[in-house]
file coords_3.txt (compact mmCIF, C-alpha atoms)
# COMPACT_ATOMS: atom_id res chain seq x y z
CA MET P 10 14.16 14.43 18.46
CA TYR P 11 16.02 11.14 18.89
CA ARG P 12 13.87 10.28 21.90
CA PHE P 13 10.77 10.99 19.81
CA ILE P 14 11.90 8.63 17.01
CA LEU P 15 12.91 5.93 19.51
CA ARG P 16 9.54 6.15 21.26
CA ARG P 17 7.69 5.83 17.94
CA ILE P 18 9.78 2.80 16.96
CA LEU P 19 9.15 1.13 20.32
CA LEU P 20 5.40 1.74 19.91
CA MET P 21 5.53 -0.10 16.58
CA ILE P 22 6.56 -3.37 18.27
CA PRO P 23 3.39 -4.06 20.33
CA THR P 24 1.25 -2.70 17.47
CA LEU P 25 2.84 -5.10 14.99
CA PHE P 26 2.47 -7.97 17.47
CA ALA P 27 -1.23 -7.24 18.09
CA LEU P 28 -2.00 -6.85 14.37
CA SER P 29 -0.20 -10.10 13.56
CA ILE P 30 -2.41 -11.96 16.06
CA ILE P 31 -5.59 -10.41 14.66
CA SER P 32 -4.64 -11.10 11.04
CA PHE P 33 -3.60 -14.70 11.82
CA ILE P 34 -6.96 -15.36 13.50
CA ILE P 35 -8.95 -13.74 10.67
CA ILE P 36 -7.07 -15.69 8.00
CA GLN P 37 -8.05 -18.95 9.71
CA ALA P 38 -11.62 -17.86 10.46
CA PRO P 39 -13.22 -19.57 7.40
CA PRO P 40 -14.18 -23.21 8.00
CA GLY P 41 -11.70 -25.89 6.95
CA ASP P 42 -7.99 -25.64 6.28
CA PHE P 43 -5.44 -26.20 3.52
CA VAL P 44 -5.72 -29.98 3.63
CA ASP P 45 -9.51 -29.79 3.27
CA SER P 46 -9.12 -27.52 0.21
CA TYR P 47 -6.41 -29.77 -1.22
CA VAL P 48 -8.48 -32.95 -0.78
CA ALA P 49 -11.61 -31.31 -2.22
CA ARG P 50 -9.65 -30.19 -5.28
CA LEU P 51 -8.24 -33.69 -5.85
CA ARG P 52 -11.64 -35.33 -5.49
CA ALA P 53 -13.18 -32.81 -7.88
CA GLN P 54 -10.62 -33.99 -10.44
CA GLY P 55 -11.59 -37.61 -9.83
CA ASP P 56 -8.47 -38.51 -7.84
CA TYR P 57 -8.62 -40.64 -4.71
CA ILE P 58 -6.55 -39.86 -1.62
CA GLU P 59 -6.23 -42.27 1.27
CA GLU P 60 -7.19 -41.28 4.80
CA GLU P 61 -3.68 -42.08 6.01
CA ARG P 62 -2.27 -39.57 3.53
CA ILE P 63 -4.72 -36.92 4.78
CA GLU P 64 -3.67 -37.50 8.39
CA SER P 65 -0.02 -37.39 7.32
CA LEU P 66 -0.53 -33.99 5.68
CA ARG P 67 -2.25 -32.65 8.79
CA ALA P 68 0.63 -33.82 10.94
CA GLN P 69 3.19 -32.41 8.50
CA TYR P 70 1.66 -28.93 8.64
CA SER P 71 0.67 -29.16 12.35
CA LEU P 72 -2.94 -28.38 11.49
CA ASP P 73 -4.27 -30.36 14.44
CA ASP P 74 -2.43 -28.13 16.93
CA PRO P 75 -4.34 -25.32 18.68
CA MET P 76 -4.44 -22.06 16.76
CA MET P 77 -2.37 -20.06 19.25
CA THR P 78 0.27 -22.80 19.34
CA ARG P 79 0.61 -22.51 15.58
CA TYR P 80 0.67 -18.72 15.84
CA PHE P 81 3.50 -18.54 18.38
CA ARG P 82 5.49 -21.13 16.43
CA TRP P 83 5.00 -19.06 13.26
CA PHE P 84 5.73 -15.72 14.95
CA GLY P 85 8.87 -17.13 16.57
CA GLY P 86 10.09 -17.99 13.09
CA VAL P 87 9.14 -14.51 11.82
CA LEU P 88 11.41 -12.94 14.43
CA ARG P 89 14.26 -14.99 12.90
CA GLY P 90 13.28 -14.00 9.35
CA ASN P 91 11.58 -17.33 8.65
CA PHE P 92 7.91 -17.08 7.64
CA GLY P 93 7.51 -20.83 7.33
CA VAL P 94 6.85 -22.98 4.27
CA SER P 95 4.00 -22.38 1.85
CA MET P 96 1.69 -25.39 1.83
CA ASN P 97 0.45 -24.67 -1.68
CA TYR P 98 3.81 -23.98 -3.35
CA ASN P 99 5.97 -26.13 -1.03
CA GLN P 100 8.58 -23.34 -0.92
CA ALA P 101 9.88 -21.00 1.76
CA VAL P 102 7.43 -18.14 2.22
CA THR P 103 10.31 -15.67 2.56
CA SER P 104 11.68 -16.47 -0.91
CA ILE P 105 8.20 -16.32 -2.49
CA ILE P 106 7.49 -12.90 -0.96
CA LEU P 107 10.94 -11.49 -1.81
CA ASP P 108 10.45 -12.54 -5.42
CA ARG P 109 7.35 -10.35 -5.81
CA LEU P 110 7.72 -7.70 -3.11
CA PRO P 111 9.99 -5.37 -5.17
CA TYR P 112 7.30 -4.93 -7.85
CA SER P 113 4.58 -4.15 -5.30
CA PHE P 114 6.95 -1.78 -3.49
CA LEU P 115 7.89 0.04 -6.71
CA ILE P 116 4.28 0.56 -7.77
CA THR P 117 3.21 1.75 -4.31
CA LEU P 118 6.22 4.06 -3.89
CA LEU P 119 5.78 5.59 -7.34
CA SER P 120 2.06 6.04 -6.65
CA LEU P 121 2.81 7.82 -3.37
CA PHE P 122 5.26 10.10 -5.18
CA LEU P 123 2.67 10.94 -7.85
CA VAL P 124 -0.03 11.61 -5.24
CA TYR P 125 2.03 14.30 -3.51
CA LEU P 126 3.70 15.64 -6.65
CA ILE P 127 0.36 16.28 -8.34
CA GLY P 128 -2.05 16.72 -5.43
CA ILE P 129 -0.26 19.46 -3.47
CA PRO P 130 0.25 21.98 -6.36
CA ILE P 131 -3.30 21.48 -7.67
CA GLY P 132 -4.74 21.82 -4.16
CA ILE P 133 -2.79 25.07 -3.61
CA LEU P 134 -3.89 26.50 -6.95
CA SER P 135 -7.48 25.48 -6.30
CA ALA P 136 -7.45 27.29 -2.94
CA VAL P 137 -5.73 30.42 -4.22
CA LYS P 138 -8.06 30.59 -7.25
CA GLN P 139 -11.21 29.79 -5.27
CA TYR P 140 -14.43 29.66 -7.36
CA SER P 141 -12.47 30.08 -10.59
CA ALA P 142 -12.81 27.76 -13.59
CA TRP P 143 -9.64 25.99 -12.45
CA ASP P 144 -11.15 25.43 -9.00
CA TYR P 145 -14.32 23.95 -10.46
CA ILE P 146 -12.32 21.65 -12.76
CA ALA P 147 -10.11 20.45 -9.89
CA THR P 148 -13.18 19.90 -7.68
CA THR P 149 -14.95 17.90 -10.40
CA VAL P 150 -11.89 15.76 -11.06
CA GLY P 151 -11.51 15.25 -7.30
CA PHE P 152 -15.07 13.99 -6.90
CA ILE P 153 -14.70 11.68 -9.92
CA GLY P 154 -11.46 10.31 -8.47
CA LEU P 155 -13.03 9.70 -5.07
CA GLY P 156 -16.02 7.95 -6.60
CA THR P 157 -14.23 5.75 -9.16
CA PRO P 158 -12.94 2.36 -7.95
CA GLY P 159 -9.37 1.59 -8.96
CA PHE P 160 -10.25 -1.73 -10.62
CA LEU P 161 -12.90 0.00 -12.78
CA LEU P 162 -10.38 2.64 -13.86
CA ALA P 163 -7.88 -0.13 -14.65
CA LEU P 164 -10.43 -1.87 -16.90
CA LEU P 165 -11.22 1.43 -18.60
CA MET P 166 -7.54 2.17 -19.23
CA LEU P 167 -7.03 -1.33 -20.63
CA TRP P 168 -9.88 -0.79 -23.08
CA ILE P 169 -8.60 2.66 -24.11
CA LEU P 170 -5.02 1.45 -24.67
CA TYR P 171 -6.21 -1.59 -26.60
CA SER P 172 -8.43 0.60 -28.79
CA LEU P 173 -5.56 3.00 -29.53
CA THR P 174 -2.62 0.61 -29.88
CA GLY P 175 -4.13 -2.84 -30.40
CA ASN P 176 -2.05 -4.15 -27.48
CA ALA P 177 -3.30 -5.17 -24.05
CA ALA P 178 -1.17 -3.46 -21.38
CA ILE P 179 -0.95 -6.52 -19.11
CA GLY P 180 2.13 -7.39 -17.09
CA LEU P 181 5.28 -5.49 -16.22
CA PHE P 182 7.50 -6.66 -19.07
CA SER P 183 7.31 -6.99 -22.82
CA THR P 184 7.31 -10.51 -24.29
CA GLU P 185 11.00 -10.42 -25.21
CA TYR P 186 12.04 -9.61 -21.63
CA LEU P 187 9.95 -12.27 -19.86
CA GLY P 188 12.37 -14.64 -18.17
CA ALA P 189 15.37 -12.74 -19.56
CA PRO P 190 18.28 -11.81 -17.26
CA TRP P 191 18.39 -8.27 -15.93
CA SER P 192 19.88 -5.67 -18.27
CA TRP P 193 19.53 -1.96 -18.92
CA GLY P 194 16.95 -2.71 -21.62
CA LYS P 195 14.87 -4.76 -19.18
CA VAL P 196 15.01 -1.96 -16.57
CA VAL P 197 13.80 0.59 -19.15
CA ASP P 198 11.04 -1.80 -20.21
CA LEU P 199 9.96 -2.18 -16.57
CA ILE P 200 9.84 1.62 -16.14
CA ASN P 201 7.74 1.93 -19.30
CA HIS P 202 5.22 -0.54 -17.86
CA LEU P 203 5.17 0.90 -14.33
CA TRP P 204 3.56 4.24 -15.17
CA LEU P 205 0.12 2.78 -15.97
CA PRO P 206 -0.55 0.87 -12.71
CA ALA P 207 1.12 3.61 -10.64
CA SER P 208 -1.05 6.31 -12.25
CA ILE P 209 -4.24 4.30 -11.73
CA VAL P 210 -3.41 3.59 -8.08
CA ALA P 211 -2.46 7.24 -7.49
CA PHE P 212 -5.66 8.66 -9.02
CA THR P 213 -7.92 8.18 -6.00
CA GLY P 214 -5.23 9.26 -3.53
CA THR P 215 -4.49 12.38 -5.58
CA ALA P 216 -8.15 13.34 -5.67
CA SER P 217 -8.39 13.01 -1.88
CA LEU P 218 -5.20 15.01 -1.34
CA ILE P 219 -6.41 17.84 -3.58
CA ARG P 220 -9.59 18.20 -1.52
CA THR P 221 -7.67 18.09 1.78
CA MET P 222 -5.01 20.59 0.66
CA ARG P 223 -7.62 22.99 -0.66
CA ALA P 224 -9.72 22.86 2.53
CA ASN P 225 -6.73 23.31 4.86
CA LEU P 226 -5.25 26.19 2.91
CA LEU P 227 -8.58 28.00 2.54
CA ASP P 228 -9.03 27.77 6.30
CA GLU P 229 -5.62 29.40 6.88
CA LEU P 230 -6.07 32.07 4.21
CA GLU P 231 -9.16 33.41 5.99
CA LYS P 232 -7.41 33.92 9.34
CA PRO P 233 -6.60 37.42 10.68
CA TYR P 234 -2.80 37.05 10.57
CA VAL P 235 -2.98 36.64 6.77
CA MET P 236 -5.02 39.84 6.43
CA VAL P 237 -2.52 41.72 8.63
CA ALA P 238 0.41 40.44 6.56
CA ARG P 239 -1.31 41.57 3.36
CA ALA P 240 -2.06 44.97 4.86
CA LYS P 241 1.64 45.37 5.62
CA GLY P 242 2.42 44.86 1.94
CA LEU P 243 3.81 41.32 2.00
CA LYS P 244 3.72 39.82 -1.49
CA ASN P 245 1.08 37.14 -2.03
CA LEU P 246 3.50 34.37 -3.03
CA THR P 247 5.88 35.08 -0.15
CA LEU P 248 2.96 35.27 2.28
CA LEU P 249 1.48 32.01 0.99
CA PHE P 250 4.57 29.86 1.49
CA LYS P 251 5.90 31.60 4.61
CA TYR P 252 2.82 31.24 6.77
CA PRO P 253 -0.42 29.53 5.57
CA PHE P 254 1.24 26.77 3.54
CA ARG P 255 3.57 25.74 6.38
CA ILE P 256 0.55 25.26 8.67
CA ALA P 257 -1.76 23.70 6.07
CA ILE P 258 0.87 21.13 5.03
CA ASN P 259 0.95 19.48 8.48
CA PRO P 260 -2.22 17.39 7.99
CA ILE P 261 -0.99 16.50 4.50
CA ILE P 262 2.25 15.10 5.91
CA SER P 263 0.35 13.14 8.55
CA MET P 264 -1.77 11.64 5.75
CA ILE P 265 1.19 9.50 4.65
CA GLY P 266 0.41 7.10 7.47
CA TRP P 267 -3.08 6.26 6.16
CA THR P 268 -2.56 7.09 2.48
CA LEU P 269 0.01 4.30 2.20
CA PRO P 270 -2.41 1.50 3.27
CA GLY P 271 -4.97 2.82 0.78
CA LEU P 272 -2.39 2.77 -1.99
CA ILE P 273 -1.31 -0.75 -1.06
CA THR P 274 -4.94 -1.94 -1.19
CA GLY P 275 -5.47 -0.13 -4.49
CA GLU P 276 -2.27 -1.64 -5.88
CA MET P 277 -3.53 -5.13 -5.07
CA LEU P 278 -6.84 -4.61 -6.88
CA VAL P 279 -5.21 -2.97 -9.90
CA SER P 280 -2.56 -5.70 -10.06
CA LEU P 281 -5.27 -8.35 -10.25
CA VAL P 282 -6.92 -6.57 -13.19
CA LEU P 283 -3.67 -5.86 -15.05
CA GLY P 284 -2.16 -9.29 -14.36
CA LEU P 285 0.94 -7.95 -12.62
CA PRO P 286 3.42 -10.31 -10.90
CA THR P 287 3.04 -8.61 -7.52
CA LEU P 288 1.88 -9.85 -4.11
CA ALA P 289 -1.80 -9.36 -5.03
CA PRO P 290 -2.49 -12.56 -7.04
CA LEU P 291 -0.28 -14.48 -4.62
CA PHE P 292 -2.29 -13.22 -1.65
CA LEU P 293 -5.62 -14.04 -3.32
CA GLU P 294 -4.46 -17.56 -4.15
CA SER P 295 -3.16 -18.11 -0.61
CA LEU P 296 -6.54 -17.08 0.84
CA ARG P 297 -8.42 -19.27 -1.62
CA MET P 298 -6.25 -22.28 -0.78
CA GLU P 299 -6.15 -21.39 2.96
CA ASP P 300 -2.36 -21.32 2.84
CA MET P 301 -2.12 -19.64 6.24
CA TYR P 302 1.66 -19.18 6.40
CA LEU P 303 1.88 -17.49 3.00
CA ALA P 304 -1.19 -15.31 3.65
CA GLY P 305 0.06 -14.45 7.14
CA GLY P 306 3.51 -13.56 5.80
CA ILE P 307 2.07 -11.21 3.17
CA VAL P 308 -0.23 -9.53 5.71
CA PHE P 309 2.71 -9.13 8.11
CA VAL P 310 4.87 -7.47 5.44
CA LEU P 311 2.07 -5.11 4.36
CA THR P 312 1.38 -4.22 8.00
CA LEU P 313 5.06 -3.47 8.50
CA PHE P 314 5.04 -1.14 5.49
CA THR P 315 1.99 0.65 6.91
CA LEU P 316 3.67 1.18 10.27
CA VAL P 317 6.86 2.39 8.57
CA GLY P 318 4.76 4.88 6.58
CA THR P 319 3.23 6.16 9.82
CA LEU P 320 6.71 6.46 11.36
CA VAL P 321 7.96 8.44 8.35
CA SER P 322 5.00 10.84 8.56
CA ASP P 323 5.61 11.35 12.31
CA ILE P 324 9.30 12.09 11.73
CA LEU P 325 8.53 14.53 8.90
CA LEU P 326 6.00 16.32 11.11
CA ALA P 327 8.60 16.65 13.86
CA VAL P 328 11.09 18.08 11.35
CA ILE P 329 8.77 20.75 9.93
CA ASP P 330 6.79 21.62 13.08
CA ILE P 331 8.75 23.03 16.02
CA ARG P 332 5.80 22.44 18.35
CA ILE P 333 6.12 18.67 17.96
CA ARG P 334 9.89 18.84 18.45
CA GLU P 335 9.47 20.81 21.68
CA GLU P 336 6.98 18.25 23.00
CA THR P 337 9.60 15.51 22.56

call {"tool": "encode", "arguments": {"input": "coords_3.txt", "output": "structure tokens"}}
result
Amino acid sequence: MYRFILRRILLMIPTLFALSIISFIIIQAPPGDFVDSYVARLRAQGDYIEEERIESLRAQYSLDDPMMTRYFRWFGGVLRGNFGVSMNYNQAVTSIILDRLPYSFLITLLSLFLVYLIGIPIGILSAVKQYSAWDYIATTVGFIGLGTPGFLLALLMLWILYSLTGNAAIGLFSTEYLGAPWSWGKVVDLINHLWLPASIVAFTGTASLIRTMRANLLDELEKPYVMVARAKGLKNLTLLFKYPFRIAINPIISMIGWTLPGLITGEMLVSLVLGLPTLAPLFLESLRMEDMYLAGGIVFVLTLFTLVGTLVSDILLAVIDIRIREET
């Protein structure tokens, strides 16, 4: 088991390295750079900037160096916990990300919890009560969830809440807690504001999980060993959780690895609509301004979370499935 975990962790290192190269190249793929965007913005405002100042900025941010030279300089800093300095904000990228990362992490983690808390029981019930009214309702909700974009659902929820309460549910804190020091009241206020974005982000993932759980369990319930167990008089509930559920849950556990990236992407879109102080607006602004170190740092952190999610799903599979443990 320990060898299995160690091997998975070691595999994360080259994967993270390769993805960091790809993301760094893609971020810089659009024509121009930060200085070009900065100069264009100043000139649009009627300001004049001297050519010497432009060259000084390029030298300051090493923008004239080859791309791979800049990458290895940046990645060497990442290994030391230094993501560089944001060109747009003129602050350390690490401090900017750490200021907003907890909110993104909370929303994504709560969404993941809701996906599995709601999706697994409904999927089980839908499979056990196949072709019942409950099954049709769950199937309909599942298709609606799969076909509804998160940002559209966020806009719809904003309109509904505004119509009912007269207040726009934007942000993660009430007005009186904005800029206030942390206290128990501020924590409670944060929790009260977290449920809306987490529920919206979780909706699509829950719908997908319901469909997967239902299909896997139905496949197991039709196998001969289930019929033999029933013929021997084993109670339905005991039979369900002793055999079919334990096999059908394996693909669900493995889904954590690719459900997490989907939730992170959904969280970013929903955060933009709801005006949340997460990494999403920061990432969009960094791409718009071609702030490569800030954008690269955010992509690196999100990639790391995705790989950690995959590692967690692999470990959970090894814990619940003896076949995987024996292979290790």

call {"tool": "closest_residue", "arguments": {"input": "coords_3.txt", "among": "P:Ile18, P:Leu272, P:Arg109, P:Pro23", "to": "Val124 of chain P", "atoms": "only C-alpha atoms"}}
result
P:Leu272

call {"tool": "residues_around", "arguments": {"input": "coords_3.txt", "residues": "Leu107 of chain P", "least_positions_apart": "5", "cutoff": "10 Å", "atoms": "only C-alpha atoms", "output": "PyMOL selection string"}}
result
chain P and resi 102+112+288

call {"tool": "closest_residue", "arguments": {"input": "coords_3.txt", "among": "P:Ala49, P:Leu187, P:Leu126, P:Ile179", "to": "Met166 of chain P", "atoms": "all atoms listed in the file"}}
result
P:Ile179

call {"tool": "atom_distance", "arguments": {"input": "coords_3.txt", "atom1": "atom CA of Gln54 of chain P", "atom2": "atom CA of Asp300 of chain P"}}
result
20.1 Å

call {"tool": "closest_residue", "arguments": {"input": "coords_3.txt", "among": "P:Arg17, P:Arg67, P:Arg239, P:Lys195", "to": "Leu320 of chain P", "atoms": "all atoms listed in the file"}}
result
P:Arg17

call {"tool": "residues_around", "arguments": {"input": "coords_3.txt", "residues": "Tyr186 of chain P", "least_positions_apart": "3", "cutoff": "10 Å", "atoms": "only C-alpha atoms", "output": "JSON list (two decimals) with C-alpha atoms, in the coordinates of the input"}}
result
[["chain", "number", "residue", "atom", "x", "y", "z"],
["P", 181, "LEU", "CA", 5.28, -5.49, -16.22],
["P", 182, "PHE", "CA", 7.50, -6.66, -19.07],
["P", 183, "SER", "CA", 7.31, -6.99, -22.82],
["P", 189, "ALA", "CA", 15.37, -12.74, -19.56],
["P", 190, "PRO", "CA", 18.28, -11.81, -17.26],
["P", 191, "TRP", "CA", 18.39, -8.27, -15.93],
["P", 192, "SER", "CA", 19.88, -5.67, -18.27],
["P", 194, "GLY", "CA", 16.95, -2.71, -21.62],
["P", 195, "LYS", "CA", 14.87, -4.76, -19.18],
["P", 196, "VAL", "CA", 15.01, -1.96, -16.57],
["P", 198, "ASP", "CA", 11.04, -1.80, -20.21],
["P", 199, "LEU", "CA", 9.96, -2.18, -16.57]]

call {"tool": "residues_near_point", "arguments": {"input": "coords_3.txt", "point": "(-4.3, 21.8, -0.4)", "cutoff": "12 Å", "atoms": "all atoms listed in the file", "output": "number ranges by chain"}}
result
P: 125-139, 144, 147-148, 151, 215-230, 249, 253-262

call {"tool": "closest_residue", "arguments": {"input": "coords_3.txt", "among": "P:Val308, P:Leu119, P:Leu278, P:Leu296", "to": "Ser46 of chain P", "atoms": "all atoms listed in the file"}}
result
P:Leu296

call {"tool": "closest_residue", "arguments": {"input": "coords_3.txt", "among": "P:Ser32, P:Gln37, P:Thr319, P:Thr174", "to": "Ser263 of chain P", "atoms": "all atoms listed in the file"}}
result
P:Thr319

call {"tool": "closest_residue", "arguments": {"input": "coords_3.txt", "among": "P:Thr287, P:Ser172, P:Ser120, P:Thr268", "to": "Phe212 of chain P", "atoms": "all atoms listed in the file"}}
result
P:Ser120

call {"tool": "atom_distance", "arguments": {"input": "coords_3.txt", "atom1": "atom CA of Gln69 of chain P", "atom2": "atom CA of Ala289 of chain P"}}
result
27.2 Å

call {"tool": "residues_around", "arguments": {"input": "coords_3.txt", "residues": "Val321 of chain P", "least_positions_apart": "3", "cutoff": "12 Å", "atoms": "only C-alpha atoms", "output": "list in words"}}
result
Ile14, Arg17, Ile18, Ile262, Ser263, Met264, Ile265, Gly266, Trp267, Leu269, Phe314, Thr315, Leu316, Val317, Gly318, Ile324, Leu325, Leu326, Ala327 and Val328 of chain P

call {"tool": "write_last_selection", "arguments": {"input": "coords_3.txt", "atoms": "C-alpha atoms", "output": "PDB file, in the coordinates of the input"}}
result
ATOM      1  CA  ILE P  14      11.900   8.630  17.010  1.00  0.00           C
ATOM      2  CA  ARG P  17       7.690   5.830  17.940  1.00  0.00           C
ATOM      3  CA  ILE P  18       9.780   2.800  16.960  1.00  0.00           C
ATOM      4  CA  ILE P 262       2.250  15.100   5.910  1.00  0.00           C
ATOM      5  CA  SER P 263       0.350  13.140   8.550  1.00  0.00           C
ATOM      6  CA  MET P 264      -1.770  11.640   5.750  1.00  0.00           C
ATOM      7  CA  ILE P 265       1.190   9.500   4.650  1.00  0.00           C
ATOM      8  CA  GLY P 266       0.410   7.100   7.470  1.00  0.00           C
ATOM      9  CA  TRP P 267      -3.080   6.260   6.160  1.00  0.00           C
ATOM     10  CA  LEU P 269       0.010   4.300   2.200  1.00  0.00           C
ATOM     11  CA  PHE P 314       5.040  -1.140   5.490  1.00  0.00           C
ATOM     12  CA  THR P 315       1.990   0.650   6.910  1.00  0.00           C
ATOM     13  CA  LEU P 316       3.670   1.180  10.270  1.00  0.00           C
ATOM     14  CA  VAL P 317       6.860   2.390   8.570  1.00  0.00           C
ATOM     15  CA  GLY P 318       4.760   4.880   6.580  1.00  0.00           C
ATOM     16  CA  ILE P 324       9.300  12.090  11.730  1.00  0.00           C
ATOM     17  CA  LEU P 325       8.530  14.530   8.900  1.00  0.00           C
ATOM     18  CA  LEU P 326       6.000  16.320  11.110  1.00  0.00           C
ATOM     19  CA  ALA P 327       8.600  16.650  13.860  1.00  0.00           C
ATOM     20  CA  VAL P 328      11.090  18.080  11.350  1.00  0.00           C
TER      21      VAL P 328
END

call {"tool": "atom_distance", "arguments": {"input": "coords_3.txt", "atom1": "atom CA of Asn201 of chain P", "atom2": "atom CA of Gly180 of chain P"}}
result
11.1 Å

call {"tool": "residues_around", "arguments": {"input": "coords_3.txt", "residues": "Ala163 of chain P", "least_positions_apart": "6", "cutoff": "10 Å", "atoms": "all atoms listed in the file", "output": "PyMOL selection string"}}
result
chain P and resi 169+205-206+208-210+278-283

call {"tool": "decode", "arguments": {"input": "coords_3.txt", "residues": "segment 286-301 of chain P", "atoms": "N, CA, C and O atoms", "output": "PDB file, in the first residue's frame"}}
result
ATOM      1  N   PRO P 286     -14.803  36.977  -4.458  1.00  0.00           N
ATOM      2  CA  PRO P 286     -13.366  37.302  -4.394  1.00  0.00           C
ATOM      3  C   PRO P 286     -12.493  36.052  -4.413  1.00  0.00           C
ATOM      4  O   PRO P 286     -11.705  35.804  -3.502  1.00  0.00           O
ATOM      5  N   THR P 287     -12.641  35.250  -5.468  1.00  0.00           N
ATOM      6  CA  THR P 287     -11.875  34.013  -5.596  1.00  0.00           C
ATOM      7  C   THR P 287     -10.791  34.202  -6.655  1.00  0.00           C
ATOM      8  O   THR P 287     -10.513  35.314  -7.100  1.00  0.00           O
ATOM      9  N   LEU P 288     -10.182  33.104  -7.088  1.00  0.00           N
ATOM     10  CA  LEU P 288      -9.134  33.178  -8.097  1.00  0.00           C
ATOM     11  C   LEU P 288      -9.678  33.489  -9.484  1.00  0.00           C
ATOM     12  O   LEU P 288      -8.925  33.925 -10.361  1.00  0.00           O
ATOM     13  N   ALA P 289     -10.983  33.286  -9.708  1.00  0.00           N
ATOM     14  CA  ALA P 289     -11.553  33.424 -11.048  1.00  0.00           C
ATOM     15  C   ALA P 289     -11.371  34.817 -11.652  1.00  0.00           C
ATOM     16  O   ALA P 289     -10.796  34.951 -12.741  1.00  0.00           O
ATOM     17  N   PRO P 290     -11.856  35.892 -10.998  1.00  0.00           N
ATOM     18  CA  PRO P 290     -11.658  37.221 -11.605  1.00  0.00           C
ATOM     19  C   PRO P 290     -10.188  37.594 -11.711  1.00  0.00           C
ATOM     20  O   PRO P 290      -9.783  38.298 -12.644  1.00  0.00           O
ATOM     21  N   LEU P 291      -9.392  37.112 -10.775  1.00  0.00           N
ATOM     22  CA  LEU P 291      -7.952  37.375 -10.805  1.00  0.00           C
ATOM     23  C   LEU P 291      -7.317  36.718 -12.028  1.00  0.00           C
ATOM     24  O   LEU P 291      -6.478  37.315 -12.713  1.00  0.00           O
ATOM     25  N   PHE P 292      -7.725  35.487 -12.301  1.00  0.00           N
ATOM     26  CA  PHE P 292      -7.191  34.749 -13.444  1.00  0.00           C
ATOM     27  C   PHE P 292      -7.608  35.407 -14.756  1.00  0.00           C
ATOM     28  O   PHE P 292      -6.796  35.554 -15.682  1.00  0.00           O
ATOM     29  N   LEU P 293      -8.871  35.821 -14.852  1.00  0.00           N
ATOM     30  CA  LEU P 293      -9.352  36.477 -16.065  1.00  0.00           C
ATOM     31  C   LEU P 293      -8.599  37.777 -16.319  1.00  0.00           C
ATOM     32  O   LEU P 293      -8.199  38.064 -17.455  1.00  0.00           O
ATOM     33  N   GLU P 294      -8.382  38.563 -15.269  1.00  0.00           N
ATOM     34  CA  GLU P 294      -7.656  39.817 -15.412  1.00  0.00           C
ATOM     35  C   GLU P 294      -6.199  39.578 -15.807  1.00  0.00           C
ATOM     36  O   GLU P 294      -5.642  40.316 -16.631  1.00  0.00           O
ATOM     37  N   SER P 295      -5.594  38.535 -15.235  1.00  0.00           N
ATOM     38  CA  SER P 295      -4.188  38.246 -15.571  1.00  0.00           C
ATOM     39  C   SER P 295      -4.047  37.822 -17.029  1.00  0.00           C
ATOM     40  O   SER P 295      -3.067  38.171 -17.689  1.00  0.00           O
ATOM     41  N   LEU P 296      -5.035  37.083 -17.557  1.00  0.00           N
ATOM     42  CA  LEU P 296      -4.998  36.706 -18.971  1.00  0.00           C
ATOM     43  C   LEU P 296      -5.241  37.916 -19.868  1.00  0.00           C
ATOM     44  O   LEU P 296      -4.595  38.069 -20.915  1.00  0.00           O
ATOM     45  N   ARG P 297      -6.152  38.775 -19.465  1.00  0.00           N
ATOM     46  CA  ARG P 297      -6.449  39.960 -20.258  1.00  0.00           C
ATOM     47  C   ARG P 297      -5.264  40.899 -20.332  1.00  0.00           C
ATOM     48  O   ARG P 297      -4.985  41.491 -21.374  1.00  0.00           O
ATOM     49  N   MET P 298      -4.542  41.016 -19.211  1.00  0.00           N
ATOM     50  CA  MET P 298      -3.378  41.907 -19.161  1.00  0.00           C
ATOM     51  C   MET P 298      -2.078  41.199 -19.532  1.00  0.00           C
ATOM     52  O   MET P 298      -1.017  41.805 -19.505  1.00  0.00           O
ATOM     53  N   GLU P 299      -2.168  39.872 -19.850  1.00  0.00           N
ATOM     54  CA  GLU P 299      -0.991  39.070 -20.206  1.00  0.00           C
ATOM     55  C   GLU P 299       0.052  39.097 -19.090  1.00  0.00           C
ATOM     56  O   GLU P 299       1.263  39.184 -19.343  1.00  0.00           O
ATOM     57  N   ASP P 300      -0.454  39.021 -17.865  1.00  0.00           N
ATOM     58  CA  ASP P 300       0.408  38.947 -16.678  1.00  0.00           C
ATOM     59  C   ASP P 300       0.799  37.485 -16.497  1.00  0.00           C
ATOM     60  O   ASP P 300       0.158  36.731 -15.757  1.00  0.00           O
ATOM     61  N   MET P 301       1.870  37.070 -17.178  1.00  0.00           N
ATOM     62  CA  MET P 301       2.168  35.641 -17.321  1.00  0.00           C
ATOM     63  C   MET P 301       2.515  34.980 -15.998  1.00  0.00           C
ATOM     64  O   MET P 301       2.187  33.806 -15.777  1.00  0.00           O
TER      65      MET P 301
END
